[in-house]
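Text of the file entry_5.cif, holding mmCIF, C-alpha atoms:
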```cif
data_structure
#
loop_
_atom_site.group_PDB
_atom_site.id
_atom_site.type_symbol
_atom_site.label_atom_id
_atom_site.label_comp_id
_atom_site.auth_asym_id
_atom_site.auth_seq_id
_atom_site.Cartn_x
_atom_site.Cartn_y
_atom_site.Cartn_z
ATOM 1 C CA MET A 18 4.962 17.676 0.030
ATOM 2 C CA THR A 19 3.756 17.885 -3.559
ATOM 3 C CA LEU A 20 2.821 14.652 -5.285
ATOM 4 C CA ALA A 21 5.504 14.382 -7.973
ATOM 5 C CA TYR A 22 5.007 11.825 -10.747
ATOM 6 C CA HIS A 23 8.546 10.547 -10.135
ATOM 7 C CA ARG A 24 10.669 10.993 -7.028
ATOM 8 C CA PRO A 25 14.037 9.240 -7.545
ATOM 9 C CA GLN A 26 15.885 7.841 -4.554
ATOM 10 C CA SER A 27 18.367 10.621 -3.629
ATOM 11 C CA GLY A 28 20.394 8.538 -1.131
ATOM 12 C CA PRO A 29 19.927 5.086 0.400
ATOM 13 C CA LEU A 30 16.187 5.035 1.158
ATOM 14 C CA ARG A 31 16.006 8.816 1.171
ATOM 15 C CA TRP A 32 14.058 10.972 -1.255
ATOM 16 C CA ARG A 33 14.152 14.677 -2.108
ATOM 17 C CA GLU A 34 11.298 16.669 -0.497
ATOM 18 C CA VAL A 35 10.387 13.730 1.741
ATOM 19 C CA ASP A 36 11.100 14.985 5.263
ATOM 20 C CA LEU A 37 13.002 12.840 7.737
ATOM 21 C CA LEU A 38 10.624 13.048 10.698
ATOM 22 C CA ASP A 39 10.748 12.154 14.346
ATOM 23 C CA TYR A 40 9.145 8.777 14.826
ATOM 24 C CA LYS A 41 6.643 9.972 17.446
ATOM 25 C CA ARG A 42 5.285 13.220 18.724
ATOM 26 C CA ASP A 43 4.058 11.537 21.940
ATOM 27 C CA SER A 44 6.839 12.056 24.478
ATOM 28 C CA ARG A 45 5.407 9.370 26.806
ATOM 29 C CA ALA A 46 6.131 6.657 24.220
ATOM 30 C CA SER A 47 9.375 4.761 24.730
ATOM 31 C CA TYR A 48 11.431 4.226 21.594
ATOM 32 C CA ARG A 49 15.029 4.617 20.467
ATOM 33 C CA ASP A 50 16.641 5.835 17.242
ATOM 34 C CA VAL A 51 13.739 5.638 14.817
ATOM 35 C CA THR A 52 13.033 7.891 11.822
ATOM 36 C CA ARG A 53 9.852 8.170 9.768
ATOM 37 C CA GLN A 54 9.313 9.268 6.167
ATOM 38 C CA VAL A 55 5.835 9.590 4.676
ATOM 39 C CA LEU A 56 6.228 8.372 1.094
ATOM 40 C CA PHE A 57 2.629 8.655 -0.073
ATOM 41 C CA ASP A 58 -0.158 10.657 1.539
ATOM 42 C CA ASP A 59 -2.658 11.246 -1.247
ATOM 43 C CA PRO A 60 -6.330 12.195 -0.726
ATOM 44 C CA ALA A 61 -7.115 9.848 -3.657
ATOM 45 C CA LEU A 62 -5.703 6.888 -1.695
ATOM 46 C CA ALA A 63 -7.328 5.450 1.430
ATOM 47 C CA CYS A 64 -3.967 4.387 2.897
ATOM 48 C CA GLN A 65 -0.612 6.015 3.535
ATOM 49 C CA LEU A 66 2.742 4.396 2.818
ATOM 50 C CA ARG A 67 5.527 5.256 5.255
ATOM 51 C CA TYR A 68 9.170 4.195 5.581
ATOM 52 C CA PHE A 69 10.609 3.704 9.065
ATOM 53 C CA GLU A 70 14.225 3.127 9.920
ATOM 54 C CA VAL A 71 15.422 1.841 13.284
ATOM 55 C CA ALA A 72 19.146 2.434 13.943
ATOM 56 C CA PRO A 73 21.303 -0.530 15.115
ATOM 57 C CA GLY A 74 20.180 -1.542 18.608
ATOM 58 C CA GLY A 75 17.120 0.725 18.431
ATOM 59 C CA HIS A 76 13.444 -0.132 18.774
ATOM 60 C CA THR A 77 9.963 1.194 18.009
ATOM 61 C CA THR A 78 7.323 1.765 20.665
ATOM 62 C CA LEU A 79 5.518 -1.205 22.194
ATOM 63 C CA GLU A 80 1.913 -0.348 21.315
ATOM 64 C CA ARG A 81 -1.402 -1.499 19.891
ATOM 65 C CA HIS A 82 -4.329 0.146 18.088
ATOM 66 C CA GLU A 83 -7.565 -0.608 16.256
ATOM 67 C CA HIS A 84 -5.915 -0.176 12.856
ATOM 68 C CA ALA A 85 -3.820 -2.849 11.142
ATOM 69 C CA HIS A 86 -0.287 -2.603 9.759
ATOM 70 C CA ALA A 87 0.979 -4.165 6.530
ATOM 71 C CA VAL A 88 4.786 -4.157 6.584
ATOM 72 C CA MET A 89 7.561 -5.091 4.165
ATOM 73 C CA ILE A 90 11.146 -5.113 5.437
ATOM 74 C CA GLU A 91 13.325 -3.050 3.084
ATOM 75 C CA ARG A 92 16.780 -3.293 4.620
ATOM 76 C CA GLY A 93 18.743 -4.945 7.396
ATOM 77 C CA HIS A 94 17.378 -7.355 9.921
ATOM 78 C CA GLY A 95 16.010 -7.533 13.408
ATOM 79 C CA ARG A 96 13.142 -8.993 15.368
ATOM 80 C CA CYS A 97 9.523 -8.135 15.923
ATOM 81 C CA LEU A 98 7.002 -8.897 18.604
ATOM 82 C CA ILE A 99 3.414 -9.534 17.489
ATOM 83 C CA GLY A 100 0.974 -10.561 20.205
ATOM 84 C CA ASP A 101 2.774 -13.278 22.161
ATOM 85 C CA ARG A 102 5.165 -14.258 19.359
ATOM 86 C CA VAL A 103 8.634 -13.060 18.355
ATOM 87 C CA PHE A 104 9.931 -13.330 14.767
ATOM 88 C CA ASP A 105 13.323 -12.813 13.148
ATOM 89 C CA VAL A 106 12.794 -10.488 10.185
ATOM 90 C CA ALA A 107 14.994 -9.697 7.176
ATOM 91 C CA GLU A 108 14.824 -7.996 3.784
ATOM 92 C CA HIS A 109 11.556 -8.431 1.852
ATOM 93 C CA ASP A 110 9.834 -10.325 4.642
ATOM 94 C CA LEU A 111 6.152 -9.464 5.027
ATOM 95 C CA VAL A 112 4.714 -8.678 8.462
ATOM 96 C CA HIS A 113 1.019 -8.300 9.244
ATOM 97 C CA ILE A 114 -0.124 -6.757 12.507
ATOM 98 C CA PRO A 115 -3.846 -7.303 13.125
ATOM 99 C CA PRO A 116 -6.013 -4.835 15.034
ATOM 100 C CA LEU A 117 -5.449 -4.495 18.813
ATOM 101 C CA THR A 118 -2.293 -6.621 18.800
ATOM 102 C CA TRP A 119 0.752 -5.541 20.822
ATOM 103 C CA HIS A 120 3.772 -5.084 18.590
ATOM 104 C CA GLN A 121 7.311 -3.748 18.570
ATOM 105 C CA PHE A 122 10.249 -3.828 16.125
ATOM 106 C CA ARG A 123 13.874 -4.094 17.225
ATOM 107 C CA ALA A 124 16.880 -3.641 14.910
ATOM 108 C CA ALA A 125 19.853 -5.990 15.201
ATOM 109 C CA GLU A 126 22.736 -4.625 17.301
ATOM 110 C CA GLU A 127 25.005 -4.281 14.268
ATOM 111 C CA GLU A 128 22.595 -3.211 11.518
ATOM 112 C CA ALA A 129 19.715 -0.797 10.942
ATOM 113 C CA LEU A 130 16.230 -2.167 10.230
ATOM 114 C CA GLY A 131 14.195 -0.347 7.581
ATOM 115 C CA PHE A 132 10.614 -1.161 6.671
ATOM 116 C CA LEU A 133 7.640 0.081 4.675
ATOM 117 C CA CYS A 134 4.348 0.292 6.540
ATOM 118 C CA MET A 135 0.925 0.686 4.930
ATOM 119 C CA VAL A 136 -1.872 2.031 7.179
ATOM 120 C CA ASN A 137 -5.346 3.435 6.723
ATOM 121 C CA ALA A 138 -5.206 7.210 6.290
ATOM 122 C CA GLU A 139 -8.001 7.484 8.880
ATOM 123 C CA ARG A 140 -6.956 5.608 11.984
ATOM 124 C CA ASP A 141 -7.034 5.652 15.763
ATOM 125 C CA ARG A 142 -4.154 6.744 17.971
ATOM 126 C CA PRO A 143 -1.830 4.049 19.362
ATOM 127 C CA GLN A 144 -2.384 2.796 22.907
ATOM 128 C CA LEU A 145 0.558 2.321 25.264
ATOM 129 C CA PRO A 146 0.578 -0.666 27.649
ATOM 130 C CA THR A 147 -0.595 -0.107 31.229
ATOM 131 C CA SER A 148 1.304 -1.793 34.042
ATOM 132 C CA ASP A 149 -1.395 -4.508 33.991
ATOM 133 C CA ASP A 150 -0.861 -5.000 30.242
ATOM 134 C CA LEU A 151 2.901 -5.272 30.803
ATOM 135 C CA ALA A 152 2.397 -7.824 33.587
ATOM 136 C CA ARG A 153 0.215 -9.923 31.257
ATOM 137 C CA LEU A 154 2.742 -9.642 28.401
ATOM 138 C CA ARG A 155 5.554 -10.775 30.743
ATOM 139 C CA GLU A 156 3.687 -13.997 31.545
ATOM 140 C CA THR A 157 5.060 -15.351 28.226
ATOM 141 C CA GLY A 158 8.789 -15.953 28.675
ATOM 142 C CA ILE A 159 9.814 -15.039 25.148
ATOM 143 C CA VAL A 160 7.816 -11.805 25.317
ATOM 144 C CA ALA A 161 9.277 -10.902 28.728
ATOM 145 C CA ALA A 162 12.790 -11.386 27.289
ATOM 146 C CA PHE A 163 11.958 -9.351 24.153
ATOM 147 C CA ILE A 164 10.520 -6.324 25.937
ATOM 148 C CA ALA A 165 13.309 -6.395 28.561
ATOM 149 C CA THR A 166 16.138 -6.103 26.004
ATOM 150 C CA MET B 29 -4.361 -16.626 1.457
ATOM 151 C CA THR B 30 -4.351 -16.515 5.242
ATOM 152 C CA LEU B 31 -2.945 -13.402 6.903
ATOM 153 C CA ALA B 32 0.172 -14.759 8.627
ATOM 154 C CA TYR B 33 1.906 -12.556 11.196
ATOM 155 C CA HIS B 34 5.203 -13.200 9.433
ATOM 156 C CA ARG B 35 5.767 -14.371 5.868
ATOM 157 C CA PRO B 36 9.523 -14.628 5.167
ATOM 158 C CA GLN B 37 10.811 -14.090 1.655
ATOM 159 C CA SER B 38 11.125 -17.644 0.259
ATOM 160 C CA GLY B 39 13.058 -16.688 -2.913
ATOM 161 C CA PRO B 40 13.932 -13.352 -4.526
ATOM 162 C CA LEU B 41 10.723 -11.348 -4.103
ATOM 163 C CA ARG B 42 8.652 -14.522 -3.720
ATOM 164 C CA TRP B 43 6.736 -15.593 -0.635
ATOM 165 C CA ARG B 44 5.207 -18.882 0.428
ATOM 166 C CA GLU B 45 1.400 -19.027 -0.047
ATOM 167 C CA VAL B 46 1.461 -15.838 -2.138
ATOM 168 C CA ASP B 47 0.331 -16.969 -5.575
ATOM 169 C CA LEU B 48 2.198 -15.882 -8.699
ATOM 170 C CA LEU B 49 -0.715 -14.604 -10.758
ATOM 171 C CA ASP B 50 -1.276 -13.576 -14.334
ATOM 172 C CA TYR B 51 -1.026 -9.826 -14.589
ATOM 173 C CA LYS B 52 -4.442 -9.383 -16.214
ATOM 174 C CA ARG B 53 -7.588 -11.344 -16.718
ATOM 175 C CA ASP B 54 -8.689 -9.018 -19.538
ATOM 176 C CA SER B 55 -7.495 -10.672 -22.752
ATOM 177 C CA ARG B 56 -8.003 -7.424 -24.751
ATOM 178 C CA ALA B 57 -5.256 -5.696 -22.759
ATOM 179 C CA SER B 58 -1.833 -5.663 -24.395
ATOM 180 C CA TYR B 59 1.055 -6.524 -22.083
ATOM 181 C CA ARG B 60 4.110 -8.761 -22.074
ATOM 182 C CA ASP B 61 5.770 -10.892 -19.420
ATOM 183 C CA VAL B 62 4.267 -9.478 -16.248
ATOM 184 C CA THR B 63 3.475 -11.315 -12.998
ATOM 185 C CA ARG B 64 1.392 -10.107 -10.063
ATOM 186 C CA GLN B 65 1.504 -11.084 -6.392
ATOM 187 C CA VAL B 66 -1.005 -9.728 -3.891
ATOM 188 C CA LEU B 67 1.020 -9.190 -0.706
ATOM 189 C CA PHE B 68 -1.674 -7.717 1.532
ATOM 190 C CA ASP B 69 -5.417 -7.894 1.007
ATOM 191 C CA ASP B 70 -6.887 -7.365 4.467
ATOM 192 C CA PRO B 71 -10.485 -6.277 5.170
ATOM 193 C CA ALA B 72 -9.042 -4.123 7.997
ATOM 194 C CA LEU B 73 -7.008 -2.132 5.449
ATOM 195 C CA ALA B 74 -8.549 0.206 2.866
ATOM 196 C CA CYS B 75 -5.758 -0.467 0.359
ATOM 197 C CA GLN B 76 -4.066 -3.502 -1.137
ATOM 198 C CA LEU B 77 -0.324 -3.866 -1.604
ATOM 199 C CA ARG B 78 0.754 -5.801 -4.698
ATOM 200 C CA TYR B 79 4.123 -6.713 -6.217
ATOM 201 C CA PHE B 80 4.469 -6.714 -10.003
ATOM 202 C CA GLU B 81 7.412 -7.978 -11.957
ATOM 203 C CA VAL B 82 7.996 -7.189 -15.631
ATOM 204 C CA ALA B 83 10.517 -9.513 -17.338
ATOM 205 C CA PRO B 84 13.394 -7.964 -19.342
ATOM 206 C CA GLY B 85 11.938 -6.218 -22.417
ATOM 207 C CA GLY B 86 8.370 -6.650 -21.125
ATOM 208 C CA HIS B 87 5.733 -4.035 -20.395
ATOM 209 C CA THR B 88 2.500 -3.472 -18.501
ATOM 210 C CA THR B 89 -0.749 -2.408 -20.171
ATOM 211 C CA LEU B 90 -1.161 1.192 -21.324
ATOM 212 C CA GLU B 91 -4.231 2.196 -19.317
ATOM 213 C CA ARG B 92 -5.891 4.758 -17.050
ATOM 214 C CA HIS B 93 -8.541 4.664 -14.299
ATOM 215 C CA GLU B 94 -10.210 6.794 -11.645
ATOM 216 C CA HIS B 95 -8.059 5.283 -8.893
ATOM 217 C CA ALA B 96 -4.503 6.389 -8.127
ATOM 218 C CA HIS B 97 -1.353 4.271 -7.867
ATOM 219 C CA ALA B 98 1.442 4.684 -5.326
ATOM 220 C CA VAL B 99 4.505 2.770 -6.530
ATOM 221 C CA MET B 100 7.954 1.960 -5.172
ATOM 222 C CA ILE B 101 10.462 0.283 -7.479
ATOM 223 C CA GLU B 102 11.893 -2.788 -5.731
ATOM 224 C CA ARG B 103 14.345 -4.204 -8.256
ATOM 225 C CA GLY B 104 15.922 -3.538 -11.628
ATOM 226 C CA HIS B 105 15.274 -0.563 -13.814
ATOM 227 C CA GLY B 106 13.195 0.583 -16.740
ATOM 228 C CA ARG B 107 11.004 3.460 -17.832
ATOM 229 C CA CYS B 108 7.483 4.576 -17.173
ATOM 230 C CA LEU B 109 5.018 6.737 -19.032
ATOM 231 C CA ILE B 110 2.779 8.994 -16.922
ATOM 232 C CA GLY B 111 0.501 11.355 -18.838
ATOM 233 C CA ASP B 112 2.734 12.932 -21.489
ATOM 234 C CA ARG B 113 6.015 12.345 -19.634
ATOM 235 C CA VAL B 114 8.508 9.471 -19.641
ATOM 236 C CA PHE B 115 10.793 8.746 -16.653
ATOM 237 C CA ASP B 116 13.761 6.454 -16.114
ATOM 238 C CA VAL B 117 13.059 4.457 -12.942
ATOM 239 C CA ALA B 118 15.364 2.428 -10.691
ATOM 240 C CA GLU B 119 15.401 0.743 -7.278
ATOM 241 C CA HIS B 120 13.578 2.616 -4.476
ATOM 242 C CA ASP B 121 12.289 5.360 -6.771
ATOM 243 C CA LEU B 122 8.758 6.504 -5.940
ATOM 244 C CA VAL B 123 6.151 6.849 -8.691
ATOM 245 C CA HIS B 124 2.729 8.454 -8.277
ATOM 246 C CA ILE B 125 0.040 7.987 -10.884
ATOM 247 C CA PRO B 126 -2.876 10.397 -10.380
ATOM 248 C CA PRO B 127 -6.462 9.532 -11.327
ATOM 249 C CA LEU B 128 -7.319 9.266 -15.048
ATOM 250 C CA THR B 129 -3.690 9.509 -16.185
ATOM 251 C CA TRP B 130 -2.404 7.212 -18.948
ATOM 252 C CA HIS B 131 0.489 5.108 -17.695
ATOM 253 C CA GLN B 132 2.676 2.158 -18.641
ATOM 254 C CA PHE B 133 5.832 0.536 -17.235
ATOM 255 C CA ARG B 134 8.568 -0.977 -19.395
ATOM 256 C CA ALA B 135 11.465 -3.085 -18.082
ATOM 257 C CA ALA B 136 14.965 -2.539 -19.462
ATOM 258 C CA GLU B 137 15.976 -4.994 -22.201
ATOM 259 C CA GLU B 138 18.554 -6.702 -19.983
ATOM 260 C CA GLU B 139 16.899 -6.645 -16.553
ATOM 261 C CA ALA B 140 13.523 -7.276 -14.938
ATOM 262 C CA LEU B 141 11.624 -4.412 -13.333
ATOM 263 C CA GLY B 142 9.861 -5.174 -10.034
ATOM 264 C CA PHE B 143 7.656 -2.741 -8.148
ATOM 265 C CA LEU B 144 5.254 -2.477 -5.246
ATOM 266 C CA CYS B 145 1.915 -0.831 -5.994
ATOM 267 C CA MET B 146 -0.554 0.419 -3.385
ATOM 268 C CA VAL B 147 -4.178 0.874 -4.549
ATOM 269 C CA ASN B 148 -7.554 1.383 -2.934
ATOM 270 C CA ALA B 149 -9.225 -1.968 -2.249
ATOM 271 C CA GLU B 150 -12.419 -0.578 -3.828
ATOM 272 C CA ARG B 151 -11.565 0.782 -7.245
ATOM 273 C CA ASP B 152 -12.800 1.109 -10.799
ATOM 274 C CA ARG B 153 -11.703 -1.081 -13.690
ATOM 275 C CA PRO B 154 -8.888 0.166 -15.949
ATOM 276 C CA GLN B 155 -9.785 1.808 -19.254
ATOM 277 C CA LEU B 156 -7.889 0.926 -22.426
ATOM 278 C CA PRO B 157 -7.097 3.675 -24.953
ATOM 279 C CA THR B 158 -9.432 4.087 -27.942
ATOM 280 C CA SER B 159 -7.888 4.810 -31.337
ATOM 281 C CA ASP B 160 -8.686 8.506 -30.703
ATOM 282 C CA ASP B 161 -6.859 8.343 -27.355
ATOM 283 C CA LEU B 162 -3.867 6.722 -29.057
ATOM 284 C CA ALA B 163 -3.814 9.398 -31.757
ATOM 285 C CA ARG B 164 -3.809 12.103 -29.066
ATOM 286 C CA LEU B 165 -1.042 10.344 -27.108
ATOM 287 C CA ARG B 166 1.082 10.090 -30.265
ATOM 288 C CA GLU B 167 0.956 13.873 -30.732
ATOM 289 C CA THR B 168 3.745 14.077 -28.126
ATOM 290 C CA GLY B 169 6.938 12.740 -29.738
ATOM 291 C CA ILE B 170 8.387 11.147 -26.607
ATOM 292 C CA VAL B 171 5.080 9.383 -25.905
ATOM 293 C CA ALA B 172 4.786 8.156 -29.498
ATOM 294 C CA ALA B 173 8.291 6.677 -29.243
ATOM 295 C CA PHE B 174 7.548 5.096 -25.838
ATOM 296 C CA ILE B 175 4.322 3.357 -26.841
ATOM 297 C CA ALA B 176 5.814 2.236 -30.171
ATOM 298 C CA THR B 177 8.745 0.357 -28.562
#
```

Could you write out this structure as structure tokens?
Amino acid sequence: MTLAYHRPQSGPLRWREVDLLDYKRDSRASYRDVTRQVLFDDPALACQLRYFEVAPGGHTTLERHEHAHAVMIERGHGRCLIGDRVFDVAEHDLVHIPPLTWHQFRAAEEEALGFLCMVNAERDRPQLPTSDDLARLRETGIVAAFIAT
Amino acid sequence: MTLAYHRPQSGPLRWREVDLLDYKRDSRASYRDVTRQVLFDDPALACQLRYFEVAPGGHTTLERHEHAHAVMIERGHGRCLIGDRVFDVAEHDLVHIPPLTWHQFRAAEEEALGFLCMVNAERDRPQLPTSDDLARLRETGIVAAFIAT
């Protein structure tokens, strides 16, 4: 996409010439009903800004990586897992995911969850949990319930 | 500020433990009624994410710098100058300011203008226009009108 000076919103959290992408190319990753739009990917900037939208009842992949995420919720509400904690999230909430911390976002059953996510342009690939990782995560009751839903 | 996993919005586009800062420390810079909040400033991330709010009728400084800006409007509407062009901007519009490009944001008279701005954590200081720069900017009618308001 070209870097226009001004790209007006063309529909609710959609923009002309910003492609609506599949969330993941990795077919092993488990997720449901998530779209991805890359809003800014500029060689002059060391980070990218992306917009993700999780349809009602959908969820992102449970994963971790060396790079950090800086997130602002833009629409709707839902919950997110970070490490061994689960948070209710809603519009304009800020979420910070430190390096190598398991995380997952889930939209509410009745409403989509949309969020901005800032990441380093140069970053490692996400890691998926092994069965050992999953067993460890399930030792915390609230985490077991979150990843089972 | 500590990097909390989850920082809920505590008021409209305000967050607990995120300080409401003066827009500029440089007293030579001309601006009116602008606040700044640094939402994410994480050594693990190569960019910062800030939220600026310009009160009704207010404006940011007319400036340029080597670093680029990636902006998403979060509330209200107004106009922005980028180079020799002026754009009307409203909620969720994307604005990209390339390196060394004069720019300024103005809120509408009746409504505040709030926007997110992603910048490299390591960046140069803004440059203010010299009288020669201002004379050149005023050669374009729409720019002359914008910076005169």

**Study point:** Which of B:Tyr79, B:Phe68, B:Trp130, B:Phe174 sits closest to chain A [using only C-alpha atoms]
**Key:** B:Phe68

Point to revise | Expected answer as number ranges by chain: chain A residues within 10 Å of chain B, all atoms listed in the file | key: A: 20-32, 56-66, 83-91, 97-100, 102-116, 135-139

**Study point:** B:Arg107, B:Lys52, B:Arg44, B:Arg134 ranked by distance to B:Val82, top pick (using all atoms listed in the file)
**Key:**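 Checking each candidate against B:Val82, we get B:Arg134 as the closest.
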
Review point. Between A:Ile159, A:Leu145, A:Phe69, A:Ala46, which one has atoms that come closest to A:Arg81, using only C-alpha atoms?
Key: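 Counting only C-alpha atoms, the residue closest to A:Arg81 is A:Leu145.
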
Could you give me stretch 134-143 of chain B completed to all heavy atoms, formatted as an mmCIF file, in the frame of the given file?
```cif
data_model
loop_
_atom_site.group_PDB
_atom_site.id
_atom_site.type_symbol
_atom_site.label_atom_id
_atom_site.label_comp_id
_atom_site.auth_asym_id
_atom_site.auth_seq_id
_atom_site.Cartn_x
_atom_site.Cartn_y
_atom_site.Cartn_z
ATOM 1 N N ARG B 134 7.772 -0.109 -18.523
ATOM 2 C CA ARG B 134 8.568 -0.977 -19.395
ATOM 3 C C ARG B 134 9.868 -1.340 -18.684
ATOM 4 O O ARG B 134 10.582 -0.458 -18.201
ATOM 5 C CB ARG B 134 8.906 -0.264 -20.714
ATOM 6 C CG ARG B 134 7.705 -0.108 -21.625
ATOM 7 C CD ARG B 134 8.046 0.527 -22.954
ATOM 8 N NE ARG B 134 6.850 0.616 -23.777
ATOM 9 C CZ ARG B 134 6.436 -0.335 -24.624
ATOM 10 N NH1 ARG B 134 7.151 -1.436 -24.783
ATOM 11 N NH2 ARG B 134 5.313 -0.188 -25.302
ATOM 12 N N ALA B 135 10.192 -2.637 -18.646
ATOM 13 C CA ALA B 135 11.465 -3.085 -18.082
ATOM 14 C C ALA B 135 12.579 -2.806 -19.082
ATOM 15 O O ALA B 135 12.333 -2.746 -20.302
ATOM 16 C CB ALA B 135 11.406 -4.573 -17.768
ATOM 17 N N ALA B 136 13.795 -2.633 -18.578
ATOM 18 C CA ALA B 136 14.965 -2.539 -19.462
ATOM 19 C C ALA B 136 15.082 -3.845 -20.253
ATOM 20 O O ALA B 136 14.527 -4.883 -19.859
ATOM 21 C CB ALA B 136 16.213 -2.302 -18.621
ATOM 22 N N GLU B 137 15.828 -3.793 -21.359
ATOM 23 C CA GLU B 137 15.976 -4.994 -22.201
ATOM 24 C C GLU B 137 16.734 -6.105 -21.482
ATOM 25 O O GLU B 137 16.507 -7.293 -21.743
ATOM 26 C CB GLU B 137 16.712 -4.641 -23.510
ATOM 27 C CG GLU B 137 15.872 -3.836 -24.496
ATOM 28 C CD GLU B 137 14.588 -4.561 -24.939
ATOM 29 O OE1 GLU B 137 14.608 -5.808 -25.049
ATOM 30 O OE2 GLU B 137 13.561 -3.876 -25.143
ATOM 31 N N GLU B 138 17.646 -5.717 -20.577
ATOM 32 C CA GLU B 138 18.554 -6.702 -19.983
ATOM 33 C C GLU B 138 18.224 -7.037 -18.532
ATOM 34 O O GLU B 138 18.929 -7.814 -17.894
ATOM 35 C CB GLU B 138 20.000 -6.207 -20.094
ATOM 36 C CG GLU B 138 20.386 -5.044 -19.193
ATOM 37 C CD GLU B 138 19.812 -3.673 -19.584
ATOM 38 O OE1 GLU B 138 19.038 -3.601 -20.564
ATOM 39 O OE2 GLU B 138 20.116 -2.692 -18.894
ATOM 40 N N GLU B 139 17.154 -6.464 -17.982
ATOM 41 C CA GLU B 139 16.899 -6.645 -16.553
ATOM 42 C C GLU B 139 15.412 -6.528 -16.250
ATOM 43 O O GLU B 139 14.727 -5.659 -16.818
ATOM 44 C CB GLU B 139 17.667 -5.559 -15.778
ATOM 45 C CG GLU B 139 17.810 -5.830 -14.295
ATOM 46 C CD GLU B 139 18.556 -4.699 -13.576
ATOM 47 O OE1 GLU B 139 18.651 -3.583 -14.124
ATOM 48 O OE2 GLU B 139 19.025 -4.940 -12.465
ATOM 49 N N ALA B 140 14.927 -7.356 -15.348
ATOM 50 C CA ALA B 140 13.523 -7.276 -14.938
ATOM 51 C C ALA B 140 13.283 -5.999 -14.140
ATOM 52 O O ALA B 140 14.211 -5.430 -13.558
ATOM 53 C CB ALA B 140 13.160 -8.491 -14.092
ATOM 54 N N LEU B 141 12.043 -5.577 -14.115
ATOM 55 C CA LEU B 141 11.624 -4.412 -13.333
ATOM 56 C C LEU B 141 10.548 -4.880 -12.353
ATOM 57 O O LEU B 141 9.495 -5.361 -12.773
ATOM 58 C CB LEU B 141 11.056 -3.333 -14.258
ATOM 59 C CG LEU B 141 10.512 -2.075 -13.572
ATOM 60 C CD1 LEU B 141 11.639 -1.264 -12.950
ATOM 61 C CD2 LEU B 141 9.727 -1.215 -14.561
ATOM 62 N N GLY B 142 10.832 -4.760 -11.049
ATOM 63 C CA GLY B 142 9.861 -5.174 -10.034
ATOM 64 C C GLY B 142 9.419 -3.981 -9.224
ATOM 65 O O GLY B 142 10.242 -3.139 -8.867
ATOM 66 N N PHE B 143 8.127 -3.889 -8.936
ATOM 67 C CA PHE B 143 7.656 -2.741 -8.148
ATOM 68 C C PHE B 143 6.464 -3.096 -7.277
ATOM 69 O O PHE B 143 5.647 -3.947 -7.625
ATOM 70 C CB PHE B 143 7.341 -1.543 -9.043
ATOM 71 C CG PHE B 143 6.331 -1.785 -10.138
ATOM 72 C CD1 PHE B 143 4.979 -1.598 -9.903
ATOM 73 C CD2 PHE B 143 6.731 -2.194 -11.410
ATOM 74 C CE1 PHE B 143 4.046 -1.801 -10.916
ATOM 75 C CE2 PHE B 143 5.808 -2.404 -12.425
ATOM 76 C CZ PHE B 143 4.457 -2.208 -12.181
#
```
